[in-house]
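Trainee: Have a look at this one before I ask anything.
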Amino acid sequence: MQHLTPAMSTMSIKAMITGLLCLLLLQPAKAQTPAARIFTKADTLRGTITPERAWWDVMRYDITVTPDYNNKTISGTSTITYKVVKDNNRLPMQLDLQEPMEIDSILLNNTARLSFTREGNAWHVQAPAQKKATEGKLTVFYHGQVKVAVRPPWSAGWTFTKDSLGRPWMTVTCQGGGASVWYPCKDHQSDEPDHGASLSITVPDTLVAVANGRLQSKKENGNGSTTYKWAVVNPISTYCIIPYIGKYVNFSETYAGEKGPLDVNYWVLDYNLDKARDYMPEQVHNMLKSLEFWFGPYPFYEDGYKLVETSHSGMEHQSAVSYGNKYHFGYNGKDGSGTGWGMKWDFIIIHESGHEWFGNNITSKDLADMYIHEGFTNYSETLFIDYIFGKDAANEYNAGIRRGIHNDRPIIPPYNVNAQGSGDMYPKASNMLHAIRHGIDNDTLFRQMLRGMNKTFYHQTVTTQQIENYISQNAHYNYNKVFDQYLRTIQIPRLELSFDKAHKEVSYRWANCVGGFNMPLVLKNEQAKLKVVPTEHWQKQLLKANEAPLFDTAAITKMYYVTTAIVEKK
């Protein structure tokens, strides 16, 4: 996912991408203040770990699905292996499956039929008393008319379309909207299946079905259909478990990665095979070289890495990254930064693969903290450019993407209601990270932090407090107020400068900022370097002969997402 336009209340996270990277990106947008959202009980049921969710932990999903292309319906089962983590005292079990889908029946441990009631998209299952540490298996039979994605991948639902030869092509997109748009699950980011998941897809035998991880089996059913079973062994977000159905063919290779041999597969439409062979591997190799350098080993060697061609622009589906950038550099032929650097690589391959580290390896517990996915992955673009094209190019690119920042509302919205913050979680959070990196002025330490983060929180769900504290502790500097400024307000901090007549002394302070804002600035050129830590109060700095040029306002704003002003000190 990438840079966003101002979010509309009915749009998913992906909906915001288009504005920045398409025509709306070409002109600066005015900041807007949308009406405050009124949250409902349905929002709380979806976004909170309710008592009916808290007593059980998902260990594994085993999903079967049979889509009907012509009628736009599906039928299937969702088998949920779970562990009791609290004595449930006969509390119901909350499952999620969105309208208009229907649950037909539910079996516990393949024997006991359980009763249930529906409350909108939440289903309350009458589970028997179960003791802590025991495990159970819930098999949910379901069917129905599915929600069709209006603008995939920016809206949740199934896509039923055709390839350029008029043949059926199907997939699902559901980030933000939720995996419960197509299968029963505990639809909350904090609970990933500890022992992985499988997806069995039954399709006409003229088509091929692809999903996450490795192919376990292919079974011809003797009735004109074939069932493909795919599985991952690693934890996975529910919204990342995705079927791809079409006239796919495959080619593969083994990449010598940091952790050893990595199986890399490419699933593309049959008529694009030659084009894909010539185009995709170089981009994937550059991605893996650069992001393993900065973030550490690819997090899912056991499940392999693959690109799957799709009809929409692309998504970060774990170990099965969807690709729809039409074999062009940039994003749909455009450069979101306006600098030209974005036209030297394939945006979708780099960005969506970056989510394997931030989003899939490290996952936010609450949708409100999605900047952990989007800000860090947006910054992976800058780091990729740094590795391939150099630091100057990376600085230009990162400054360029600011034209996608709207400061319409805070990046972090309310918690526990499945709310998403401003689309600024992409370029603004990225610029915040770049500012922190400049202030640290030690790329060895900064790289160790990013790699350490992926090791410390390996395959975990986290809160923003964990990430913020990790950065402050490992940078040996308290960045709490910096996070508050950029994540929780729409104010752009202003650096105010005041010089004496001879430019031998400068005074500086922060304005338009949260109380206690203390972002350090390292100012440097080929002749000199100076570190200052402005506060809200004026500070004086005597300047050596070669230090006055360091306070060039254009140079400062290129490195840091701030405004600057030369003022008369009162």
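Identifiers in this document derive from the order of the structure tokens: chains are assigned A, B, ..., residues are numbered from 1 separately in each chain, and ligands are numbered from 1 in order of occurrence.
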I'd like the neighbourhood of A:Leu367 as a list of chain:residue names, where a residue qualifies if any of its atoms comes within 9 Å (using only C-alpha atoms), though same-chain residues fewer than 5 positions away should be ignored.
Mentor: A:Gly47, A:Gly176, A:His188, A:Gln189, A:Pro413, A:Tyr415, A:Asn416, A:Val417, A:Asn418, A:Ala419, A:Gln420, A:Gly421
Trainee: Next, dump the selected residues to file, keeping only all heavy atoms, as a CSV table (one decimal), in the first residue's frame.
Mentor:
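Final output, result30.csv:
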chain,number,residue,atom,x,y,z
A,47,GLY,N,-14.0,-4.0,16.6
A,47,GLY,CA,-12.7,-3.5,16.9
A,47,GLY,C,-12.2,-3.8,18.3
A,47,GLY,O,-11.0,-3.4,18.6
A,176,GLY,N,-8.7,-3.8,6.0
A,176,GLY,CA,-9.5,-2.8,6.6
A,176,GLY,C,-11.0,-3.2,6.6
A,176,GLY,O,-11.6,-3.2,7.7
A,188,HIS,N,-9.9,-9.8,14.0
A,188,HIS,CA,-9.2,-8.8,14.8
A,188,HIS,C,-7.7,-9.0,14.6
A,188,HIS,O,-7.2,-10.1,14.7
A,188,HIS,CB,-9.6,-8.8,16.2
A,188,HIS,CG,-9.2,-7.6,17.0
A,188,HIS,ND1,-7.9,-7.4,17.5
A,188,HIS,CD2,-9.9,-6.5,17.3
A,188,HIS,CE1,-7.8,-6.3,18.2
A,188,HIS,NE2,-9.0,-5.7,18.0
A,189,GLN,N,-7.0,-7.9,14.2
A,189,GLN,CA,-5.6,-8.1,13.9
A,189,GLN,C,-4.7,-8.7,15.0
A,189,GLN,O,-3.6,-9.2,14.7
A,189,GLN,CB,-5.0,-6.7,13.4
A,189,GLN,CG,-5.5,-6.3,12.1
A,189,GLN,CD,-4.8,-5.0,11.5
A,189,GLN,OE1,-5.0,-4.6,10.4
A,189,GLN,NE2,-3.9,-4.4,12.3
A,413,PRO,N,-6.1,7.3,15.1
A,413,PRO,CA,-7.5,7.6,15.5
A,413,PRO,C,-7.8,6.9,16.8
A,413,PRO,O,-7.0,6.3,17.5
A,413,PRO,CB,-8.3,7.0,14.3
A,413,PRO,CG,-7.5,5.8,14.0
A,413,PRO,CD,-6.0,6.1,14.3
A,415,TYR,N,-9.0,4.0,19.4
A,415,TYR,CA,-8.8,2.6,19.5
A,415,TYR,C,-10.1,1.8,19.7
A,415,TYR,O,-11.1,2.4,20.2
A,415,TYR,CB,-7.8,2.3,20.6
A,415,TYR,CG,-6.4,2.7,20.3
A,415,TYR,CD1,-5.9,3.9,20.7
A,415,TYR,CD2,-5.5,1.9,19.5
A,415,TYR,CE1,-4.6,4.4,20.4
A,415,TYR,CE2,-4.2,2.3,19.2
A,415,TYR,CZ,-3.8,3.5,19.7
A,415,TYR,OH,-2.5,4.0,19.4
A,416,ASN,N,-10.0,0.5,19.5
A,416,ASN,CA,-11.0,-0.4,19.8
A,416,ASN,C,-12.3,-0.3,19.0
A,416,ASN,O,-13.4,-0.8,19.5
A,416,ASN,CB,-11.3,-0.4,21.3
A,416,ASN,CG,-10.1,-0.8,22.1
A,416,ASN,OD1,-9.4,-1.8,21.8
A,416,ASN,ND2,-9.9,0.0,23.2
A,417,VAL,N,-12.3,0.4,17.9
A,417,VAL,CA,-13.5,0.6,17.1
A,417,VAL,C,-13.2,0.3,15.6
A,417,VAL,O,-14.0,0.7,14.7
A,417,VAL,CB,-14.1,2.0,17.3
A,417,VAL,CG1,-14.8,2.1,18.6
A,417,VAL,CG2,-13.1,3.1,17.1
A,418,ASN,N,-12.1,-0.4,15.3
A,418,ASN,CA,-11.7,-0.7,14.0
A,418,ASN,C,-11.6,0.6,13.1
A,418,ASN,O,-12.1,0.6,12.0
A,418,ASN,CB,-12.7,-1.7,13.3
A,418,ASN,CG,-12.0,-2.4,12.2
A,418,ASN,OD1,-11.0,-3.0,12.3
A,418,ASN,ND2,-12.7,-2.4,11.0
A,419,ALA,N,-11.1,1.6,13.7
A,419,ALA,CA,-10.9,2.9,12.9
A,419,ALA,C,-9.6,3.0,12.4
A,419,ALA,O,-8.6,2.6,13.0
A,419,ALA,CB,-11.2,4.1,13.9
A,420,GLN,N,-9.5,3.7,11.2
A,420,GLN,CA,-8.2,4.0,10.6
A,420,GLN,C,-8.0,5.5,10.5
A,420,GLN,O,-8.9,6.2,10.3
A,420,GLN,CB,-8.1,3.4,9.2
A,420,GLN,CG,-9.2,3.9,8.3
A,420,GLN,CD,-9.4,3.0,7.1
A,420,GLN,OE1,-9.3,1.8,7.1
A,420,GLN,NE2,-9.8,3.6,5.9
A,421,GLY,N,-6.7,5.9,10.7
A,421,GLY,CA,-6.4,7.3,10.8
A,421,GLY,C,-6.2,7.8,9.4
A,421,GLY,O,-6.5,7.2,8.4
Trainee: If you run DSSP on the backbone, which residues of stretch 75-269 of chain A are strand (DSSP E or B), as a ChimeraX atom specification?
Mentor: /A:75-84,93-96,102-108,112-113,116-119,122-125,135-145,148,157-162,168-173,185,197-204,208-210,214-220,225-232,244-246,248-257,260-269
Trainee: Would you compute the distance between atom CA of A:Val533 and atom CA of A:Pro520? Give it in Å to one decimal.
Mentor: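 The value is 4.4 Å.
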Trainee: Restricting the calculation to only C-alpha atoms, which member of A:Lys186, A:Lys504, A:Lys259, A:Arg437 is positioned closest to A:Ile471?
Mentor: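 Among the listed residues, the smallest separation from A:Ile471 belongs to A:Arg437.
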Trainee: Residues at most 6 Å from stretch 368-385 of chain A, counting only C-alpha atoms, excluding those fewer than 6 positions away in the same chain, as a PyMOL selection string?
Mentor: chain A and resi 290+354-355+358-359+394+412-413+415+419-420+425-426+429-430
Trainee: Let me make sure I understand: among A:Thr363, A:Ser252, A:Ile388, A:Ala127, which one has the smallest atom-to-atom distance to A:Thr463 if we use only C-alpha atoms?
Mentor: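 Between A:Thr363, A:Ser252, A:Ile388, A:Ala127, the residue approaching A:Thr463 most closely is A:Thr363.
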Trainee: Atom CA of A:Gln466 to atom CA of A:Pro235: how many Å, to one decimal?
Mentor: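 It comes out at 19.5 Å.
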Trainee: Each residue of stretch 231-347 of chain A lying at most 12 Å from stretch 205-225 of chain A should get a row with its shortest atom-to-atom pair and the distance in Å to one decimal, counting only C-alpha atoms; could you produce that, ordered by chain and increasing number, as a Markdown table?
Mentor:
| residue | atom | partner | partner_atom | distance |
| --- | --- | --- | --- | --- |
| A:Ala231 | CA | A:Gly213 | CA | 5.1 |
| A:Val232 | CA | A:Gly213 | CA | 4.5 |
| A:Val233 | CA | A:Gly213 | CA | 7.8 |
| A:Asn234 | CA | A:Gly213 | CA | 9.0 |
| A:Pro235 | CA | A:Gly213 | CA | 11.3 |
| A:Ile236 | CA | A:Asn212 | CA | 9.5 |
| A:Ser237 | CA | A:Asn212 | CA | 11.4 |
| A:Thr238 | CA | A:Asn212 | CA | 11.5 |
| A:Tyr239 | CA | A:Asn212 | CA | 11.5 |
| A:Cys240 | CA | A:Asn212 | CA | 8.2 |
| A:Ile241 | CA | A:Asn212 | CA | 6.5 |
| A:Ile242 | CA | A:Ala211 | CA | 5.8 |
| A:Pro243 | CA | A:Ala211 | CA | 4.9 |
| A:Tyr244 | CA | A:Val210 | CA | 5.0 |
| A:Ile245 | CA | A:Ala209 | CA | 4.5 |
| A:Gly246 | CA | A:Leu207 | CA | 5.2 |
| A:Lys247 | CA | A:Leu207 | CA | 5.3 |
| A:Tyr248 | CA | A:Val208 | CA | 5.8 |
| A:Val249 | CA | A:Val208 | CA | 8.1 |
| A:Asn250 | CA | A:Val210 | CA | 10.1 |
| A:Asp263 | CA | A:Arg214 | CA | 9.8 |
| A:Val264 | CA | A:Gly213 | CA | 10.8 |
| A:Asn265 | CA | A:Arg214 | CA | 9.9 |
| A:Tyr266 | CA | A:Val210 | CA | 10.7 |
| A:Trp267 | CA | A:Val210 | CA | 8.0 |
| A:Val268 | CA | A:Val210 | CA | 10.3 |
| A:Leu269 | CA | A:Val208 | CA | 10.0 |
| A:Asp270 | CA | A:Val208 | CA | 10.7 |
| A:Phe300 | CA | A:Gly213 | CA | 9.0 |
| A:Tyr301 | CA | A:Gly213 | CA | 9.8 |
| A:Glu302 | CA | A:Gly213 | CA | 8.3 |
| A:Asp303 | CA | A:Gly213 | CA | 4.6 |
| A:Gly304 | CA | A:Gly213 | CA | 6.3 |
| A:Tyr305 | CA | A:Gly213 | CA | 7.7 |
| A:Lys306 | CA | A:Gly213 | CA | 8.4 |
| A:Leu307 | CA | A:Asn212 | CA | 10.2 |
| A:Val308 | CA | A:Val210 | CA | 8.0 |
| A:Glu309 | CA | A:Val210 | CA | 10.3 |
| A:Thr310 | CA | A:Val210 | CA | 11.0 |
| A:Glu316 | CA | A:Asn212 | CA | 11.1 |
| A:His317 | CA | A:Asn212 | CA | 7.6 |
| A:Gln318 | CA | A:Asn212 | CA | 6.6 |
| A:Ser319 | CA | A:Asn212 | CA | 5.6 |
| A:Ala320 | CA | A:Asn212 | CA | 5.1 |
| A:Val321 | CA | A:Asn212 | CA | 8.6 |
| A:Ser322 | CA | A:Ala211 | CA | 10.2 |
Trainee: I need the chosen residues saved as a JSON list (two decimals), in the first residue's frame, with C-alpha atoms.
Mentor:
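Listing of again_13.json after writing:
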[["chain", "number", "residue", "atom", "x", "y", "z"],
["A", 231, "ALA", "CA", -0.75, -23.74, 3.32],
["A", 232, "VAL", "CA", 1.53, -21.54, 5.40],
["A", 233, "VAL", "CA", 3.28, -22.70, 8.57],
["A", 234, "ASN", "CA", 3.85, -19.19, 9.94],
["A", 235, "PRO", "CA", 1.33, -16.92, 11.70],
["A", 236, "ILE", "CA", -0.61, -14.83, 9.19],
["A", 237, "SER", "CA", -3.10, -11.96, 9.32],
["A", 238, "THR", "CA", -6.62, -13.02, 8.42],
["A", 239, "TYR", "CA", -6.81, -10.36, 5.68],
["A", 240, "CYS", "CA", -3.71, -11.81, 4.03],
["A", 241, "ILE", "CA", -5.21, -15.26, 3.39],
["A", 242, "ILE", "CA", -6.28, -14.84, -0.23],
["A", 243, "PRO", "CA", -7.31, -17.01, -3.20],
["A", 244, "TYR", "CA", -6.21, -16.16, -6.77],
["A", 245, "ILE", "CA", -8.05, -17.98, -9.56],
["A", 246, "GLY", "CA", -7.31, -17.72, -13.28],
["A", 247, "LYS", "CA", -5.30, -19.09, -16.20],
["A", 248, "TYR", "CA", -2.06, -19.08, -14.26],
["A", 249, "VAL", "CA", 1.30, -20.54, -15.15],
["A", 250, "ASN", "CA", 4.37, -20.66, -12.96],
["A", 263, "ASP", "CA", 12.18, -20.45, -2.93],
["A", 264, "VAL", "CA", 10.84, -17.69, -5.21],
["A", 265, "ASN", "CA", 7.84, -18.33, -7.44],
["A", 266, "TYR", "CA", 6.06, -16.21, -10.03],
["A", 267, "TRP", "CA", 2.44, -16.97, -10.93],
["A", 268, "VAL", "CA", 1.31, -15.02, -13.98],
["A", 269, "LEU", "CA", -1.32, -15.21, -16.69],
["A", 270, "ASP", "CA", -0.21, -17.64, -19.37],
["A", 300, "PHE", "CA", 8.90, -16.30, 5.83],
["A", 301, "TYR", "CA", 11.58, -18.53, 4.33],
["A", 302, "GLU", "CA", 9.56, -21.61, 5.37],
["A", 303, "ASP", "CA", 6.62, -20.51, 3.21],
["A", 304, "GLY", "CA", 8.67, -19.09, 0.32],
["A", 305, "TYR", "CA", 8.11, -15.84, -1.55],
["A", 306, "LYS", "CA", 5.94, -15.41, -4.59],
["A", 307, "LEU", "CA", 4.40, -12.77, -6.80],
["A", 308, "VAL", "CA", 0.92, -13.46, -8.15],
["A", 309, "GLU", "CA", -0.41, -11.42, -11.05],
["A", 310, "THR", "CA", -3.79, -9.90, -10.30],
["A", 316, "GLU", "CA", 0.81, -7.33, 0.51],
["A", 317, "HIS", "CA", -0.73, -10.78, 0.95],
["A", 318, "GLN", "CA", 1.84, -12.70, 2.97],
["A", 319, "SER", "CA", 4.06, -15.02, 0.90],
["A", 320, "ALA", "CA", 1.73, -14.40, -2.07],
["A", 321, "VAL", "CA", 2.19, -10.73, -2.92],
["A", 322, "SER", "CA", -0.34, -9.62, -5.52]]
Trainee: Could you give me, as a PyMOL selection string, the residues within 7 Å of stretch 295-299 of chain A, counting only C-alpha atoms and dropping anything in the same chain fewer than 3 positions from it?
Mentor: chain A and resi 258-259+291-292+356-357+361+450-451+454
Trainee: What's the 9 Å shell around A:Ala565, counting only C-alpha atoms, without same-chain residues fewer than 2 positions away, as an NGL selection string?
Mentor: :A and (494-498 or 553 or 563 or 567)
Trainee: Using only C-alpha atoms, which of A:Asn398, A:Arg409, A:Arg488, A:Pro414 sits nearest A:Thr48?
Mentor: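 Of A:Asn398, A:Arg409, A:Arg488, A:Pro414, the one nearest A:Thr48, counting only C-alpha atoms, is A:Pro414.
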Trainee: What is the atom CA of A:Glu102-atom CA of A:Ile201 distance in Å, reported with one decimal?
Mentor: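 Taking atom CA of A:Glu102 as the start and atom CA of A:Ile201 as the end point, the length is 18.9 Å.
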Trainee: From a DSSP pass on the backbone, collect the residues of stretch 160-367 of chain A flagged as alpha helix (DSSP H) and hand them back as a PDB file with N, CA, C and O atoms, in the first residue's frame.
Mentor:
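Wrote result-v9.pdb, looks like this:
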ATOM      1  N   LEU A 273       3.757 -14.862 -19.688  1.00  0.00           N
ATOM      2  CA  LEU A 273       4.878 -15.634 -19.159  1.00  0.00           C
ATOM      3  C   LEU A 273       6.225 -15.087 -19.615  1.00  0.00           C
ATOM      4  O   LEU A 273       7.127 -14.862 -18.799  1.00  0.00           O
ATOM      5  N   ASP A 274       6.414 -14.881 -20.905  1.00  0.00           N
ATOM      6  CA  ASP A 274       7.713 -14.407 -21.400  1.00  0.00           C
ATOM      7  C   ASP A 274       8.042 -13.016 -20.863  1.00  0.00           C
ATOM      8  O   ASP A 274       9.179 -12.733 -20.475  1.00  0.00           O
ATOM      9  N   LYS A 275       7.038 -12.158 -20.842  1.00  0.00           N
ATOM     10  CA  LYS A 275       7.237 -10.811 -20.314  1.00  0.00           C
ATOM     11  C   LYS A 275       7.651 -10.860 -18.837  1.00  0.00           C
ATOM     12  O   LYS A 275       8.556 -10.156 -18.401  1.00  0.00           O
ATOM     13  N   ALA A 276       6.977 -11.711 -18.079  1.00  0.00           N
ATOM     14  CA  ALA A 276       7.268 -11.811 -16.648  1.00  0.00           C
ATOM     15  C   ALA A 276       8.670 -12.359 -16.406  1.00  0.00           C
ATOM     16  O   ALA A 276       9.382 -11.888 -15.512  1.00  0.00           O
ATOM     17  N   ARG A 277       9.090 -13.338 -17.198  1.00  0.00           N
ATOM     18  CA  ARG A 277      10.439 -13.904 -17.040  1.00  0.00           C
ATOM     19  C   ARG A 277      11.509 -12.834 -17.235  1.00  0.00           C
ATOM     20  O   ARG A 277      12.534 -12.820 -16.537  1.00  0.00           O
ATOM     21  N   ASP A 278      11.278 -11.940 -18.182  1.00  0.00           N
ATOM     22  CA  ASP A 278      12.267 -10.904 -18.476  1.00  0.00           C
ATOM     23  C   ASP A 278      12.243  -9.765 -17.458  1.00  0.00           C
ATOM     24  O   ASP A 278      13.261  -9.105 -17.247  1.00  0.00           O
ATOM     25  N   TYR A 279      11.084  -9.563 -16.827  1.00  0.00           N
ATOM     26  CA  TYR A 279      10.885  -8.349 -16.028  1.00  0.00           C
ATOM     27  C   TYR A 279      10.968  -8.557 -14.516  1.00  0.00           C
ATOM     28  O   TYR A 279      11.653  -7.805 -13.806  1.00  0.00           O
ATOM     29  N   MET A 280      10.291  -9.558 -14.001  1.00  0.00           N
ATOM     30  CA  MET A 280      10.088  -9.659 -12.557  1.00  0.00           C
ATOM     31  C   MET A 280      11.333 -10.017 -11.741  1.00  0.00           C
ATOM     32  O   MET A 280      11.580  -9.411 -10.688  1.00  0.00           O
ATOM     33  N   PRO A 281      12.146 -11.000 -12.149  1.00  0.00           N
ATOM     34  CA  PRO A 281      13.240 -11.427 -11.273  1.00  0.00           C
ATOM     35  C   PRO A 281      14.205 -10.319 -10.875  1.00  0.00           C
ATOM     36  O   PRO A 281      14.611 -10.241  -9.706  1.00  0.00           O
ATOM     37  N   GLU A 282      14.587  -9.443 -11.789  1.00  0.00           N
ATOM     38  CA  GLU A 282      15.536  -8.381 -11.428  1.00  0.00           C
ATOM     39  C   GLU A 282      14.957  -7.474 -10.345  1.00  0.00           C
ATOM     40  O   GLU A 282      15.660  -7.103  -9.392  1.00  0.00           O
ATOM     41  N   GLN A 283      13.686  -7.125 -10.480  1.00  0.00           N
ATOM     42  CA  GLN A 283      13.054  -6.275  -9.470  1.00  0.00           C
ATOM     43  C   GLN A 283      12.974  -6.993  -8.122  1.00  0.00           C
ATOM     44  O   GLN A 283      13.222  -6.386  -7.072  1.00  0.00           O
ATOM     45  N   VAL A 284      12.640  -8.273  -8.141  1.00  0.00           N
ATOM     46  CA  VAL A 284      12.568  -9.040  -6.901  1.00  0.00           C
ATOM     47  C   VAL A 284      13.945  -9.173  -6.262  1.00  0.00           C
ATOM     48  O   VAL A 284      14.100  -9.037  -5.039  1.00  0.00           O
ATOM     49  N   HIS A 285      14.965  -9.423  -7.063  1.00  0.00           N
ATOM     50  CA  HIS A 285      16.316  -9.545  -6.512  1.00  0.00           C
ATOM     51  C   HIS A 285      16.761  -8.237  -5.874  1.00  0.00           C
ATOM     52  O   HIS A 285      17.348  -8.233  -4.776  1.00  0.00           O
ATOM     53  N   ASN A 286      16.516  -7.121  -6.537  1.00  0.00           N
ATOM     54  CA  ASN A 286      16.878  -5.825  -5.972  1.00  0.00           C
ATOM     55  C   ASN A 286      16.116  -5.558  -4.671  1.00  0.00           C
ATOM     56  O   ASN A 286      16.671  -4.998  -3.722  1.00  0.00           O
ATOM     57  N   MET A 287      14.849  -5.942  -4.658  1.00  0.00           N
ATOM     58  CA  MET A 287      14.051  -5.782  -3.440  1.00  0.00           C
ATOM     59  C   MET A 287      14.634  -6.598  -2.304  1.00  0.00           C
ATOM     60  O   MET A 287      14.849  -6.093  -1.188  1.00  0.00           O
ATOM     61  N   LEU A 288      14.903  -7.867  -2.553  1.00  0.00           N
ATOM     62  CA  LEU A 288      15.410  -8.735  -1.492  1.00  0.00           C
ATOM     63  C   LEU A 288      16.783  -8.295  -1.006  1.00  0.00           C
ATOM     64  O   LEU A 288      17.055  -8.285   0.203  1.00  0.00           O
ATOM     65  N   LYS A 289      17.663  -7.905  -1.926  1.00  0.00           N
ATOM     66  CA  LYS A 289      18.996  -7.450  -1.521  1.00  0.00           C
ATOM     67  C   LYS A 289      18.902  -6.231  -0.615  1.00  0.00           C
ATOM     68  O   LYS A 289      19.564  -6.156   0.427  1.00  0.00           O
ATOM     69  N   SER A 290      18.094  -5.264  -1.014  1.00  0.00           N
ATOM     70  CA  SER A 290      18.047  -4.007  -0.266  1.00  0.00           C
ATOM     71  C   SER A 290      17.283  -4.161   1.049  1.00  0.00           C
ATOM     72  O   SER A 290      17.737  -3.672   2.095  1.00  0.00           O
ATOM     73  N   LEU A 291      16.138  -4.829   1.024  1.00  0.00           N
ATOM     74  CA  LEU A 291      15.334  -4.892   2.239  1.00  0.00           C
ATOM     75  C   LEU A 291      15.893  -5.898   3.241  1.00  0.00           C
ATOM     76  O   LEU A 291      15.742  -5.703   4.456  1.00  0.00           O
ATOM     77  N   GLU A 292      16.535  -6.956   2.772  1.00  0.00           N
ATOM     78  CA  GLU A 292      17.239  -7.817   3.745  1.00  0.00           C
ATOM     79  C   GLU A 292      18.407  -7.076   4.369  1.00  0.00           C
ATOM     80  O   GLU A 292      18.727  -7.283   5.545  1.00  0.00           O
ATOM     81  N   PHE A 293      19.055  -6.197   3.613  1.00  0.00           N
ATOM     82  CA  PHE A 293      20.143  -5.388   4.170  1.00  0.00           C
ATOM     83  C   PHE A 293      19.630  -4.507   5.302  1.00  0.00           C
ATOM     84  O   PHE A 293      20.221  -4.443   6.389  1.00  0.00           O
ATOM     85  N   TRP A 294      18.516  -3.829   5.076  1.00  0.00           N
ATOM     86  CA  TRP A 294      18.016  -2.861   6.053  1.00  0.00           C
ATOM     87  C   TRP A 294      17.203  -3.512   7.167  1.00  0.00           C
ATOM     88  O   TRP A 294      17.296  -3.100   8.334  1.00  0.00           O
ATOM     89  N   PHE A 295      16.398  -4.520   6.846  1.00  0.00           N
ATOM     90  CA  PHE A 295      15.420  -5.042   7.805  1.00  0.00           C
ATOM     91  C   PHE A 295      15.788  -6.401   8.381  1.00  0.00           C
ATOM     92  O   PHE A 295      15.182  -6.838   9.359  1.00  0.00           O
ATOM     93  N   PHE A 347       7.116   0.095  -8.448  1.00  0.00           N
ATOM     94  CA  PHE A 347       6.608   0.474  -7.136  1.00  0.00           C
ATOM     95  C   PHE A 347       5.908  -0.675  -6.419  1.00  0.00           C
ATOM     96  O   PHE A 347       6.133  -0.929  -5.237  1.00  0.00           O
ATOM     97  N   ILE A 348       5.035  -1.395  -7.109  1.00  0.00           N
ATOM     98  CA  ILE A 348       4.240  -2.428  -6.456  1.00  0.00           C
ATOM     99  C   ILE A 348       5.125  -3.558  -5.932  1.00  0.00           C
ATOM    100  O   ILE A 348       4.941  -4.038  -4.811  1.00  0.00           O
ATOM    101  N   ILE A 349       6.090  -4.002  -6.721  1.00  0.00           N
ATOM    102  CA  ILE A 349       6.958  -5.089  -6.262  1.00  0.00           C
ATOM    103  C   ILE A 349       7.720  -4.666  -5.015  1.00  0.00           C
ATOM    104  O   ILE A 349       7.819  -5.428  -4.044  1.00  0.00           O
ATOM    105  N   ILE A 350       8.249  -3.458  -5.004  1.00  0.00           N
ATOM    106  CA  ILE A 350       9.058  -3.019  -3.864  1.00  0.00           C
ATOM    107  C   ILE A 350       8.166  -2.737  -2.660  1.00  0.00           C
ATOM    108  O   ILE A 350       8.416  -3.251  -1.556  1.00  0.00           O
ATOM    109  N   HIS A 351       7.136  -1.923  -2.851  1.00  0.00           N
ATOM    110  CA  HIS A 351       6.325  -1.513  -1.706  1.00  0.00           C
ATOM    111  C   HIS A 351       5.561  -2.684  -1.090  1.00  0.00           C
ATOM    112  O   HIS A 351       5.631  -2.904   0.125  1.00  0.00           O
ATOM    113  N   GLU A 352       4.821  -3.424  -1.901  1.00  0.00           N
ATOM    114  CA  GLU A 352       4.020  -4.495  -1.335  1.00  0.00           C
ATOM    115  C   GLU A 352       4.891  -5.581  -0.718  1.00  0.00           C
ATOM    116  O   GLU A 352       4.508  -6.194   0.286  1.00  0.00           O
ATOM    117  N   SER A 353       6.061  -5.810  -1.274  1.00  0.00           N
ATOM    118  CA  SER A 353       6.983  -6.776  -0.666  1.00  0.00           C
ATOM    119  C   SER A 353       7.554  -6.234   0.637  1.00  0.00           C
ATOM    120  O   SER A 353       7.858  -7.006   1.557  1.00  0.00           O
ATOM    121  N   GLY A 354       7.715  -4.916   0.740  1.00  0.00           N
ATOM    122  CA  GLY A 354       8.185  -4.319   1.985  1.00  0.00           C
ATOM    123  C   GLY A 354       7.286  -4.654   3.159  1.00  0.00           C
ATOM    124  O   GLY A 354       7.729  -4.710   4.312  1.00  0.00           O
TER     125      GLY A 354
END
Trainee: Please provide the set of residues having any atom within 8 Å of A:Lys147, restricted to only C-alpha atoms, with same-chain residues fewer than 3 positions apart removed, written as a count of residues only.
Mentor: 7
Trainee: With only C-alpha atoms as the atoms that count, which of A:Thr444, A:Gln175, A:Thr159, A:Thr464 lies nearest to A:Asn480?
Mentor: A:Thr464
